[in-house]
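Colleague: If it helps, the file is called model.txt and holds compact mmCIF, C-alpha atoms:
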# COMPACT_ATOMS: atom_id res chain seq x y z
CA MET A 4 -23.31 13.28 -9.51
CA VAL A 5 -19.85 12.23 -10.71
CA TRP A 6 -18.01 14.93 -8.75
CA LEU A 7 -20.10 14.18 -5.65
CA ALA A 8 -19.14 10.53 -5.91
CA ALA A 9 -15.45 11.46 -6.25
CA ILE A 10 -15.63 13.73 -3.18
CA PHE A 11 -17.33 10.94 -1.23
CA ILE A 12 -14.60 8.47 -2.28
CA GLY A 13 -11.87 10.86 -1.07
CA LEU A 14 -13.73 11.56 2.19
CA SER A 15 -14.02 7.84 2.86
CA LEU A 16 -10.31 7.25 2.32
CA GLY A 17 -9.30 10.25 4.44
CA LEU A 18 -11.73 9.48 7.27
CA LEU A 19 -11.64 5.69 7.41
CA GLY A 20 -8.49 4.65 5.52
CA SER A 21 -10.76 2.55 3.33
CA GLY A 22 -13.78 2.64 1.06
CA GLY A 23 -12.14 3.97 -2.08
CA SER A 24 -12.50 1.09 -4.52
CA ILE A 25 -15.66 -0.19 -2.94
CA LEU A 26 -17.26 3.12 -3.95
CA THR A 27 -15.26 3.83 -7.11
CA VAL A 28 -16.17 0.64 -8.99
CA PRO A 29 -19.96 1.17 -8.68
CA ALA A 30 -19.53 4.88 -9.53
CA LEU A 31 -17.61 4.05 -12.73
CA ILE A 32 -20.10 1.35 -13.75
CA TYR A 33 -23.42 3.00 -12.88
CA LEU A 34 -22.61 6.72 -13.19
CA VAL A 35 -19.97 6.77 -15.95
CA GLY A 36 -21.26 3.67 -17.77
CA GLN A 37 -17.98 1.76 -17.98
CA ASP A 38 -17.55 -1.97 -18.52
CA GLU A 39 -16.85 -3.96 -15.32
CA LYS A 40 -13.24 -4.81 -16.18
CA ILE A 41 -12.39 -1.23 -17.20
CA ALA A 42 -14.04 0.07 -14.02
CA ILE A 43 -12.06 -2.35 -11.85
CA ALA A 44 -8.74 -1.37 -13.47
CA GLY A 45 -9.55 2.34 -13.37
CA SER A 46 -10.61 2.18 -9.72
CA LEU A 47 -7.21 0.82 -8.73
CA ALA A 48 -5.47 3.77 -10.38
CA ILE A 49 -7.89 6.32 -8.86
CA VAL A 50 -7.62 4.91 -5.36
CA GLY A 51 -3.85 4.63 -5.65
CA PHE A 52 -3.51 8.32 -6.60
CA ILE A 53 -5.86 9.48 -3.83
CA ALA A 54 -4.25 7.23 -1.21
CA ILE A 55 -0.70 8.36 -1.93
CA PHE A 56 -1.62 12.00 -1.26
CA SER A 57 -3.37 10.97 1.95
CA VAL A 58 -0.25 9.05 2.96
CA ILE A 59 1.85 12.21 2.72
CA GLY A 60 -0.37 13.99 5.25
CA TYR A 61 -0.41 11.11 7.71
CA HIS A 62 3.35 10.56 7.34
CA LEU A 63 4.04 14.18 8.26
CA LYS A 64 2.01 13.61 11.42
CA ARG A 65 4.07 10.46 12.14
CA GLN A 66 0.95 8.29 12.33
CA ILE A 67 1.96 5.55 9.85
CA LYS A 68 3.50 2.37 11.27
CA TRP A 69 5.99 1.70 8.48
CA PRO A 70 7.30 -1.67 9.82
CA ILE A 71 3.72 -2.94 9.57
CA VAL A 72 3.39 -1.50 6.05
CA ILE A 73 6.39 -3.62 5.03
CA ARG A 74 5.21 -6.84 6.70
CA PHE A 75 1.63 -6.52 5.47
CA GLY A 76 2.13 -4.50 2.29
CA ILE A 77 4.84 -6.46 0.46
CA PRO A 78 3.02 -9.84 0.64
CA SER A 79 -0.16 -7.97 -0.32
CA MET A 80 1.53 -6.42 -3.38
CA ILE A 81 2.79 -9.79 -4.59
CA ALA A 82 -0.59 -11.45 -4.06
CA SER A 83 -2.38 -8.56 -5.78
CA TYR A 84 -0.19 -8.85 -8.87
CA PHE A 85 -0.66 -12.61 -9.29
CA ALA A 86 -4.38 -12.53 -8.44
CA ALA A 87 -4.90 -9.85 -11.10
CA SER A 88 -3.47 -12.27 -13.67
CA LEU A 89 -6.24 -14.72 -12.73
CA SER A 90 -8.91 -12.15 -13.58
CA ILE A 91 -8.76 -13.16 -17.24
CA TYR A 92 -10.56 -16.38 -16.27
CA LEU A 93 -13.51 -14.45 -14.80
CA THR A 94 -16.19 -12.56 -16.68
CA GLY A 95 -17.00 -8.99 -15.67
CA GLU A 96 -20.29 -10.20 -14.17
CA MET A 97 -18.46 -12.82 -12.08
CA GLN A 98 -16.02 -10.21 -10.81
CA LEU A 99 -18.89 -7.88 -9.92
CA THR A 100 -20.60 -10.70 -8.00
CA LEU A 101 -17.43 -11.32 -6.01
CA PHE A 102 -17.10 -7.56 -5.54
CA ALA A 103 -20.61 -7.37 -4.03
CA MET A 104 -19.85 -10.29 -1.69
CA VAL A 105 -16.72 -8.53 -0.42
CA MET A 106 -18.79 -5.36 -0.06
CA LEU A 107 -21.22 -7.23 2.20
CA LEU A 108 -18.31 -8.68 4.18
CA SER A 109 -16.93 -5.18 4.61
CA ALA A 110 -20.35 -3.98 5.78
CA PHE A 111 -20.30 -6.69 8.44
CA PHE A 112 -16.91 -5.50 9.72
CA MET A 113 -18.12 -1.91 9.75
CA ILE A 114 -21.40 -2.58 11.57
CA LYS A 115 -20.05 -5.22 13.96
CA GLN A 116 -16.89 -3.33 14.90
CA PRO A 117 -15.31 -4.38 18.21
CA LYS A 118 -14.23 -1.87 20.83
CA ILE A 119 -11.08 -0.19 19.64
CA LYS A 120 -8.34 1.94 21.11
CA THR A 121 -8.65 5.62 20.31
CA SER A 122 -5.30 6.90 21.56
CA VAL A 123 -2.45 7.38 19.11
CA GLN A 124 0.37 4.91 19.56
CA PRO A 125 3.94 6.20 19.45
CA ILE A 126 5.53 5.59 16.07
CA ASN A 127 8.62 4.08 17.70
CA ASN A 128 6.68 1.43 19.63
CA ALA A 129 9.11 -1.46 19.99
CA ASN A 130 6.50 -4.15 20.75
CA LYS A 131 6.90 -7.22 18.59
CA GLN A 132 4.10 -7.60 16.08
CA PRO A 133 2.74 -11.00 14.93
CA THR A 134 4.64 -11.05 11.64
CA ILE A 135 3.22 -14.36 10.38
CA LYS A 136 -0.36 -13.21 10.94
CA LEU A 137 0.37 -9.93 9.15
CA ILE A 138 1.90 -11.76 6.17
CA PHE A 139 -1.08 -14.12 5.76
CA ALA A 140 -3.55 -11.26 6.21
CA GLY A 141 -1.63 -9.29 3.57
CA ILE A 142 -1.76 -12.19 1.11
CA PHE A 143 -5.52 -12.61 1.65
CA VAL A 144 -6.31 -8.92 1.16
CA GLY A 145 -3.93 -8.70 -1.82
CA MET A 146 -5.69 -11.59 -3.56
CA ILE A 147 -9.05 -9.85 -3.15
CA THR A 148 -7.55 -6.61 -4.48
CA GLY A 149 -6.19 -8.33 -7.58
CA LEU A 150 -9.34 -10.30 -8.32
CA VAL A 151 -12.03 -7.66 -7.87
CA GLY A 152 -10.17 -4.32 -7.81
CA ILE A 153 -10.77 -3.46 -4.15
CA GLY A 154 -7.99 -1.66 -2.26
CA GLY A 155 -8.92 -3.73 0.78
CA GLY A 156 -9.05 -0.95 3.36
CA PHE A 157 -12.24 -2.30 4.93
CA LEU A 158 -10.37 -5.54 5.55
CA ILE A 159 -6.99 -3.98 6.36
CA VAL A 160 -8.22 -1.64 9.11
CA PRO A 161 -10.08 -4.35 11.10
CA SER A 162 -7.11 -6.70 10.60
CA LEU A 163 -4.67 -4.19 12.06
CA VAL A 164 -7.01 -3.43 14.96
CA LEU A 165 -7.76 -7.08 15.76
CA LEU A 166 -4.38 -8.68 15.05
CA ILE A 167 -2.06 -6.16 16.69
CA ASP A 168 -4.36 -3.92 18.75
CA LEU A 169 -3.42 -0.87 16.69
CA ALA A 170 -5.04 2.48 17.54
CA MET A 171 -7.70 3.47 14.99
CA ILE A 172 -5.91 6.58 13.72
CA ASN A 173 -2.71 4.53 13.21
CA ALA A 174 -4.69 1.76 11.50
CA ILE A 175 -6.26 4.29 9.10
CA ALA A 176 -2.91 5.89 8.27
CA THR A 177 -1.12 2.54 7.86
CA SER A 178 -3.99 1.16 5.77
CA LEU A 179 -3.63 4.00 3.27
CA ALA A 180 0.07 3.24 2.78
CA ILE A 181 -0.72 -0.44 2.15
CA ILE A 182 -3.60 0.46 -0.19
CA THR A 183 -1.24 2.65 -2.23
CA LEU A 184 1.21 -0.21 -2.73
CA GLN A 185 -1.27 -2.91 -3.66
CA SER A 186 -3.52 -0.67 -5.77
CA PHE A 187 -0.70 0.41 -8.08
CA THR A 188 0.64 -3.16 -8.26
CA GLY A 189 -2.78 -4.54 -9.19
CA PHE A 190 -3.29 -1.71 -11.69
CA ILE A 191 0.01 -2.45 -13.46
CA LYS A 192 -1.07 -6.05 -14.05
CA TYR A 193 -4.58 -5.04 -15.17
CA GLN A 194 -3.09 -2.52 -17.59
CA GLN A 195 -0.92 -5.26 -19.11
CA ILE A 196 -3.96 -7.54 -19.50
CA LEU A 197 -6.15 -4.83 -21.04
CA THR A 198 -3.37 -3.85 -23.45
CA THR A 199 -3.16 -7.41 -24.79
CA GLN A 200 -6.94 -7.24 -25.36
CA ASN A 201 -6.69 -3.85 -27.12
CA ILE A 202 -8.81 -2.21 -24.41
CA SER A 203 -7.99 1.38 -23.43
CA LEU A 204 -8.70 3.15 -20.16
CA ASN A 205 -10.39 6.55 -20.04
CA TRP A 206 -7.62 8.61 -18.44
CA GLN A 207 -9.75 11.75 -18.41
CA VAL A 208 -12.17 10.00 -16.04
CA ILE A 209 -9.31 8.62 -13.93
CA ILE A 210 -7.64 12.03 -13.58
CA THR A 211 -10.94 13.81 -12.84
CA PHE A 212 -11.90 11.33 -10.12
CA SER A 213 -8.38 11.41 -8.69
CA ILE A 214 -8.12 15.20 -8.41
CA ILE A 215 -11.58 15.63 -6.85
CA GLY A 216 -10.98 12.61 -4.61
CA ILE A 217 -7.66 14.03 -3.38
CA ILE A 218 -9.46 17.19 -2.27
CA GLY A 219 -12.03 15.04 -0.48
CA SER A 220 -9.29 13.00 1.23
CA PHE A 221 -7.68 16.11 2.71
CA ILE A 222 -11.07 17.16 4.09
CA GLY A 223 -11.49 13.64 5.46
CA GLN A 224 -8.14 13.78 7.23
CA LYS A 225 -9.13 17.03 8.91
CA LEU A 226 -12.38 15.46 10.11
CA ALA A 227 -10.80 12.13 11.14
CA THR A 228 -9.59 13.35 14.53
CA LYS A 229 -12.92 15.10 15.31
CA THR A 230 -15.44 12.47 14.18
CA PRO A 231 -16.63 9.56 16.41
CA GLN A 232 -15.20 6.63 14.45
CA GLN A 233 -17.58 3.99 15.79
CA GLN A 234 -20.76 5.81 14.75
CA LEU A 235 -19.26 6.81 11.41
CA LYS A 236 -18.16 3.27 10.55
CA ARG A 237 -21.49 1.78 11.59
CA GLY A 238 -23.48 4.26 9.51
CA PHE A 239 -21.21 3.72 6.52
CA GLY A 240 -21.53 -0.03 7.01
CA ILE A 241 -25.30 0.23 6.65
CA PHE A 242 -24.82 2.16 3.41
CA LEU A 243 -22.45 -0.57 2.14
CA LEU A 244 -24.97 -3.25 3.11
CA ILE A 245 -27.66 -1.61 0.98
CA MET A 246 -25.30 -1.01 -1.96
CA GLY A 247 -23.83 -4.51 -1.72
CA CYS A 248 -27.29 -6.11 -1.85
CA PHE A 249 -28.22 -3.98 -4.87
CA ILE A 250 -25.03 -4.84 -6.79
CA LEU A 251 -25.25 -8.54 -5.86
CA ILE A 252 -28.85 -8.85 -7.06
CA ASN A 253 -28.04 -6.95 -10.26
CA SER A 254 -24.93 -9.01 -11.04
CA ILE A 255 -26.67 -12.33 -10.33
CA GLN A 256 -29.46 -11.35 -12.74
CA GLN A 257 -26.82 -10.62 -15.41
CA LEU A 258 -25.17 -14.00 -14.76
CA GLY A 259 -28.54 -15.67 -15.16
How does the structure come out when it is put into C-alpha cells?

Modeller:
Amino acid sequence: MVWLAAIFIGLSLGLLGSGGSILTVPALIYLVGQDEKIAIAGSLAIVGFIAIFSVIGYHLKRQIKWPIVIRFGIPSMIASYFAASLSIYLTGEMQLTLFAMVMLLSAFFMIKQPKIKTSVQPINNANKQPTIKLIFAGIFVGMITGLVGIGGGFLIVPSLVLLIDLAMINAIATSLAIITLQSFTGFIKYQQILTTQNISLNWQVIITFSIIGIIGSFIGQKLATKTPQQQLKRGFGIFLLIMGCFILINSIQQLG
C-alpha cells in the first residue's frame, strides 16, 4: 500500500501540478503511522524532491513561466517560512483539521473548475501579468503551506488559470516550480522547530516515498498531454471530497 500511495502522489504531481502534500500527509499518518507534525514536515520534503524532478522535465519542454514563478513563488516562500513558525501554537489535531478544510476547498476547485485554455502559451509571452494579484495569491498559498504542510498546487493552478488566463499545461508546469520553492522553505523551518523539540524525521520513509514518487511523476508528465484535464480533475476532486470529509470527522473527534 505504501508504494502504491507514493506512485499515486507522483502521478498527481506530474499530471495536475498539485496533489502531492494533500495525499502525502494522510499516507504518512494512516499508512505509516506517523505523528501529525512529523507527517506534515516529512510531506514537505517528499513533495519538494518529487516536484524538483518534475520541474526539470517541464523546463526542458519550455513550459514553465519563470517570471510568474518569481512573482508568485518568492512571496509564497517568505509566507511559508513565517507561517511554519506559527505551527508551534497549534496541536497536531488542529493542524489536521485545517488540513482537511483545505482539502475540501481544493475539492471544490477541482470539481467546479471553470472552462480553461488548453493550448500551450509561448514562453516568451510579453503580456503584462497582474503582479499585485500574484503576490497576494502567493502569500495566501504560502501561509497555508507553512501552517498545514500543503504544497498548495490545488490552489496555485486555479489561481494561475483564473488570475492570468494561463494555459493548463503552463499552469501545471509553473505550479510545480512554485511548489518546489515553498515546500523546501517550509520544510527548513519545520526541521528547525522539530530539532528544538528533539524530534527526528524518518529519512528512510522520506527517501522511499520520494524515489517512488519521482517515477510516478515522470509517468504523470507523459500522460498529462494525452489525458482530458477537466474529467481528470473532476474525478480527483470527488476523491478529495471523500478523503477530506473522512479526515475532518476523524480530527474533530480527536479534538473532542

Colleague: Identify which of the residues A:Gly238, A:Gly219, A:Gly13, A:Gly145 lies closest to A:Ser83, counting all atoms listed in the file when measuring atom-to-atom distances.

Modeller: A:Gly145

Colleague: Would you mind telling me which residue in A:Leu47, A:Phe221, A:Ala180, A:Lys115 lies nearest to A:Ile73 when using all atoms listed in the file?

Modeller: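 Closest to A:Ile73 of all the choices is A:Ala180.
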
Colleague: Give me the box for stretch 12-16 of chain A as lines of an AutoDock Vina configuration file, namely the centre and edge lengths in Å to one decimal of a box along x, y and z that holds every listed atom plus 3 Å on each side.

Modeller:
center_x = -12.5
center_y = 9.4
center_z = 0.3
size_x = 10.3
size_y = 10.3
size_z = 11.1

Colleague: Given only C-alpha atoms as the basis, pick out the residue of A:Leu165, A:Phe139, A:Leu99, A:Gly51 nearest to A:Gln257.

Modeller: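 Going through A:Leu165, A:Phe139, A:Leu99, A:Gly51 one by one, the smallest distance to A:Gln257 is for A:Leu99.
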
Colleague: Pick from A:Ile255, A:Pro231, A:Thr183, A:Gly247: nearest to A:Phe56, with only C-alpha atoms counted?

Modeller: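 Looking only at the distances to A:Phe56, the closest residue turns out to be A:Thr183.
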
Colleague: Please identify all polymer residues within 9 Å of A:Leu226, counting only C-alpha atoms, omitting same-chain residues fewer than 3 positions from it, and present them as an MDAnalysis selection string.

Modeller: chainID A and resid 14 17:18 221:223 229:230

Colleague: What does the structure give for the distance between atom CA of A:Val160 and atom CA of A:Phe112, in Å to one decimal?

Modeller: 9.5 Å

Colleague: Please identify all polymer residues within 8 Å of stretch 213-217 of chain A, counting all atoms listed in the file, omitting same-chain residues fewer than 5 positions from it, and present them as number ranges by chain.

Modeller: A: 6, 9-14, 49-50, 52-54, 56-57

Colleague: Nearest to A:Phe111: which of A:Gly76, A:Gly189, A:Pro161, A:Pro133 is it, counting only C-alpha atoms?

Modeller: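 Looking only at the distances to A:Phe111, the closest residue turns out to be A:Pro161.
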
Colleague: Would you pick out the contacts of A:Thr94 at 12 Å or less, using all atoms listed in the file, so that residues sharing its chain but fewer than 2 positions from it are not included, and give the list as a tab-separated table (two decimals) with C-alpha atoms, in the frame of the given file?

Modeller:
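Here's the written file part_8.tsv:
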chain	number	residue	atom	x	y	z
A	38	ASP	CA	-17.55	-1.97	-18.52
A	39	GLU	CA	-16.85	-3.96	-15.32
A	40	LYS	CA	-13.24	-4.81	-16.18
A	41	ILE	CA	-12.39	-1.23	-17.20
A	89	LEU	CA	-6.24	-14.72	-12.73
A	90	SER	CA	-8.91	-12.15	-13.58
A	91	ILE	CA	-8.76	-13.16	-17.24
A	92	TYR	CA	-10.56	-16.38	-16.27
A	96	GLU	CA	-20.29	-10.20	-14.17
A	97	MET	CA	-18.46	-12.82	-12.08
A	98	GLN	CA	-16.02	-10.21	-10.81
A	99	LEU	CA	-18.89	-7.88	-9.92
A	100	THR	CA	-20.60	-10.70	-8.00
A	101	LEU	CA	-17.43	-11.32	-6.01
A	150	LEU	CA	-9.34	-10.30	-8.32
A	151	VAL	CA	-12.03	-7.66	-7.87
A	254	SER	CA	-24.93	-9.01	-11.04
A	257	GLN	CA	-26.82	-10.62	-15.41
A	258	LEU	CA	-25.17	-14.00	-14.76

Colleague: Taking 3 positions as the minimum chain separation for residues in the same chain, which residues sit within 12 Å of stretch 184-187 of chain A when counting all atoms listed in the file? Answer as an MDAnalysis selection string.

Modeller: chainID A and resid 23:24 43:55 58 72:73 75:87 141:156 159 177:181 190:194

Colleague: What is the atom CA of A:Arg237 to atom CA of A:Ser109 distance in Å?

Modeller: 10.9 Å

Colleague: Find, counting all atoms listed in the file, the residue in A:Val208, A:Leu7, A:Ile25, A:Ile59 that gets nearest to A:Ala110.

Modeller: A:Ile25

Colleague: Since the input is missing atoms, can you rebuild N, CA and C atoms for stretch 220-250 of chain A and write them as a PDB file, keeping the file's coordinate frame?

Modeller:
ATOM      1  N   SER A 220     -10.102  13.725   0.244  1.00  0.00           N
ATOM      2  CA  SER A 220      -9.290  13.000   1.230  1.00  0.00           C
ATOM      3  C   SER A 220      -8.661  13.948   2.242  1.00  0.00           C
ATOM      4  N   PHE A 221      -8.250  15.129   1.783  1.00  0.00           N
ATOM      5  CA  PHE A 221      -7.680  16.110   2.710  1.00  0.00           C
ATOM      6  C   PHE A 221      -8.742  16.600   3.693  1.00  0.00           C
ATOM      7  N   ILE A 222      -9.971  16.782   3.195  1.00  0.00           N
ATOM      8  CA  ILE A 222     -11.070  17.160   4.090  1.00  0.00           C
ATOM      9  C   ILE A 222     -11.325  16.030   5.093  1.00  0.00           C
ATOM     10  N   GLY A 223     -11.292  14.793   4.592  1.00  0.00           N
ATOM     11  CA  GLY A 223     -11.490  13.640   5.460  1.00  0.00           C
ATOM     12  C   GLY A 223     -10.457  13.534   6.550  1.00  0.00           C
ATOM     13  N   GLN A 224      -9.195  13.818   6.222  1.00  0.00           N
ATOM     14  CA  GLN A 224      -8.140  13.780   7.230  1.00  0.00           C
ATOM     15  C   GLN A 224      -8.375  14.798   8.327  1.00  0.00           C
ATOM     16  N   LYS A 225      -8.845  15.974   7.935  1.00  0.00           N
ATOM     17  CA  LYS A 225      -9.130  17.030   8.910  1.00  0.00           C
ATOM     18  C   LYS A 225     -10.238  16.589   9.867  1.00  0.00           C
ATOM     19  N   LEU A 226     -11.234  15.876   9.308  1.00  0.00           N
ATOM     20  CA  LEU A 226     -12.380  15.460  10.110  1.00  0.00           C
ATOM     21  C   LEU A 226     -12.098  14.196  10.932  1.00  0.00           C
ATOM     22  N   ALA A 227     -11.050  13.437  10.536  1.00  0.00           N
ATOM     23  CA  ALA A 227     -10.800  12.130  11.140  1.00  0.00           C
ATOM     24  C   ALA A 227     -10.587  12.204  12.653  1.00  0.00           C
ATOM     25  N   THR A 228      -9.895  13.246  13.111  1.00  0.00           N
ATOM     26  CA  THR A 228      -9.590  13.350  14.530  1.00  0.00           C
ATOM     27  C   THR A 228     -10.758  13.946  15.328  1.00  0.00           C
ATOM     28  N   LYS A 229     -11.799  14.445  14.632  1.00  0.00           N
ATOM     29  CA  LYS A 229     -12.920  15.100  15.310  1.00  0.00           C
ATOM     30  C   LYS A 229     -14.218  14.293  15.226  1.00  0.00           C
ATOM     31  N   THR A 230     -14.213  13.228  14.428  1.00  0.00           N
ATOM     32  CA  THR A 230     -15.440  12.470  14.180  1.00  0.00           C
ATOM     33  C   THR A 230     -15.442  11.170  14.993  1.00  0.00           C
ATOM     34  N   PRO A 231     -16.529  10.843  15.696  1.00  0.00           N
ATOM     35  CA  PRO A 231     -16.630   9.560  16.410  1.00  0.00           C
ATOM     36  C   PRO A 231     -16.548   8.403  15.412  1.00  0.00           C
ATOM     37  N   GLN A 232     -15.450   7.658  15.455  1.00  0.00           N
ATOM     38  CA  GLN A 232     -15.200   6.630  14.450  1.00  0.00           C
ATOM     39  C   GLN A 232     -16.224   5.494  14.489  1.00  0.00           C
ATOM     40  N   GLN A 233     -16.650   5.105  15.696  1.00  0.00           N
ATOM     41  CA  GLN A 233     -17.580   3.990  15.790  1.00  0.00           C
ATOM     42  C   GLN A 233     -18.904   4.270  15.081  1.00  0.00           C
ATOM     43  N   GLN A 234     -19.497   5.444  15.380  1.00  0.00           N
ATOM     44  CA  GLN A 234     -20.760   5.810  14.750  1.00  0.00           C
ATOM     45  C   GLN A 234     -20.619   5.981  13.251  1.00  0.00           C
ATOM     46  N   LEU A 235     -19.499   6.584  12.833  1.00  0.00           N
ATOM     47  CA  LEU A 235     -19.260   6.810  11.410  1.00  0.00           C
ATOM     48  C   LEU A 235     -19.139   5.489  10.664  1.00  0.00           C
ATOM     49  N   LYS A 236     -18.359   4.556  11.215  1.00  0.00           N
ATOM     50  CA  LYS A 236     -18.160   3.270  10.550  1.00  0.00           C
ATOM     51  C   LYS A 236     -19.455   2.470  10.502  1.00  0.00           C
ATOM     52  N   ARG A 237     -20.240   2.533  11.578  1.00  0.00           N
ATOM     53  CA  ARG A 237     -21.490   1.780  11.590  1.00  0.00           C
ATOM     54  C   ARG A 237     -22.479   2.324  10.561  1.00  0.00           C
ATOM     55  N   GLY A 238     -22.588   3.648  10.492  1.00  0.00           N
ATOM     56  CA  GLY A 238     -23.480   4.260   9.510  1.00  0.00           C
ATOM     57  C   GLY A 238     -23.054   3.964   8.087  1.00  0.00           C
ATOM     58  N   PHE A 239     -21.727   4.005   7.851  1.00  0.00           N
ATOM     59  CA  PHE A 239     -21.210   3.720   6.520  1.00  0.00           C
ATOM     60  C   PHE A 239     -21.399   2.244   6.180  1.00  0.00           C
ATOM     61  N   GLY A 240     -21.320   1.397   7.224  1.00  0.00           N
ATOM     62  CA  GLY A 240     -21.530  -0.030   7.010  1.00  0.00           C
ATOM     63  C   GLY A 240     -22.946  -0.328   6.540  1.00  0.00           C
ATOM     64  N   ILE A 241     -23.915   0.392   7.078  1.00  0.00           N
ATOM     65  CA  ILE A 241     -25.300   0.230   6.650  1.00  0.00           C
ATOM     66  C   ILE A 241     -25.463   0.628   5.185  1.00  0.00           C
ATOM     67  N   PHE A 242     -24.790   1.727   4.813  1.00  0.00           N
ATOM     68  CA  PHE A 242     -24.820   2.160   3.410  1.00  0.00           C
ATOM     69  C   PHE A 242     -24.224   1.074   2.508  1.00  0.00           C
ATOM     70  N   LEU A 243     -23.084   0.486   2.924  1.00  0.00           N
ATOM     71  CA  LEU A 243     -22.450  -0.570   2.140  1.00  0.00           C
ATOM     72  C   LEU A 243     -23.350  -1.798   2.039  1.00  0.00           C
ATOM     73  N   LEU A 244     -24.064  -2.114   3.119  1.00  0.00           N
ATOM     74  CA  LEU A 244     -24.970  -3.250   3.110  1.00  0.00           C
ATOM     75  C   LEU A 244     -26.049  -3.087   2.046  1.00  0.00           C
ATOM     76  N   ILE A 245     -26.614  -1.893   1.971  1.00  0.00           N
ATOM     77  CA  ILE A 245     -27.660  -1.610   0.980  1.00  0.00           C
ATOM     78  C   ILE A 245     -27.082  -1.680  -0.442  1.00  0.00           C
ATOM     79  N   MET A 246     -25.932  -1.012  -0.634  1.00  0.00           N
ATOM     80  CA  MET A 246     -25.300  -1.010  -1.960  1.00  0.00           C
ATOM     81  C   MET A 246     -24.862  -2.404  -2.374  1.00  0.00           C
ATOM     82  N   GLY A 247     -24.298  -3.156  -1.414  1.00  0.00           N
ATOM     83  CA  GLY A 247     -23.830  -4.510  -1.720  1.00  0.00           C
ATOM     84  C   GLY A 247     -24.971  -5.418  -2.150  1.00  0.00           C
ATOM     85  N   CYS A 248     -26.114  -5.309  -1.473  1.00  0.00           N
ATOM     86  CA  CYS A 248     -27.290  -6.110  -1.850  1.00  0.00           C
ATOM     87  C   CYS A 248     -27.769  -5.742  -3.252  1.00  0.00           C
ATOM     88  N   PHE A 249     -27.786  -4.436  -3.549  1.00  0.00           N
ATOM     89  CA  PHE A 249     -28.220  -3.980  -4.870  1.00  0.00           C
ATOM     90  C   PHE A 249     -27.308  -4.517  -5.973  1.00  0.00           C
ATOM     91  N   ILE A 250     -25.989  -4.388  -5.774  1.00  0.00           N
ATOM     92  CA  ILE A 250     -25.030  -4.840  -6.790  1.00  0.00           C
ATOM     93  C   ILE A 250     -25.084  -6.358  -6.936  1.00  0.00           C
TER      94      ILE A 250
END
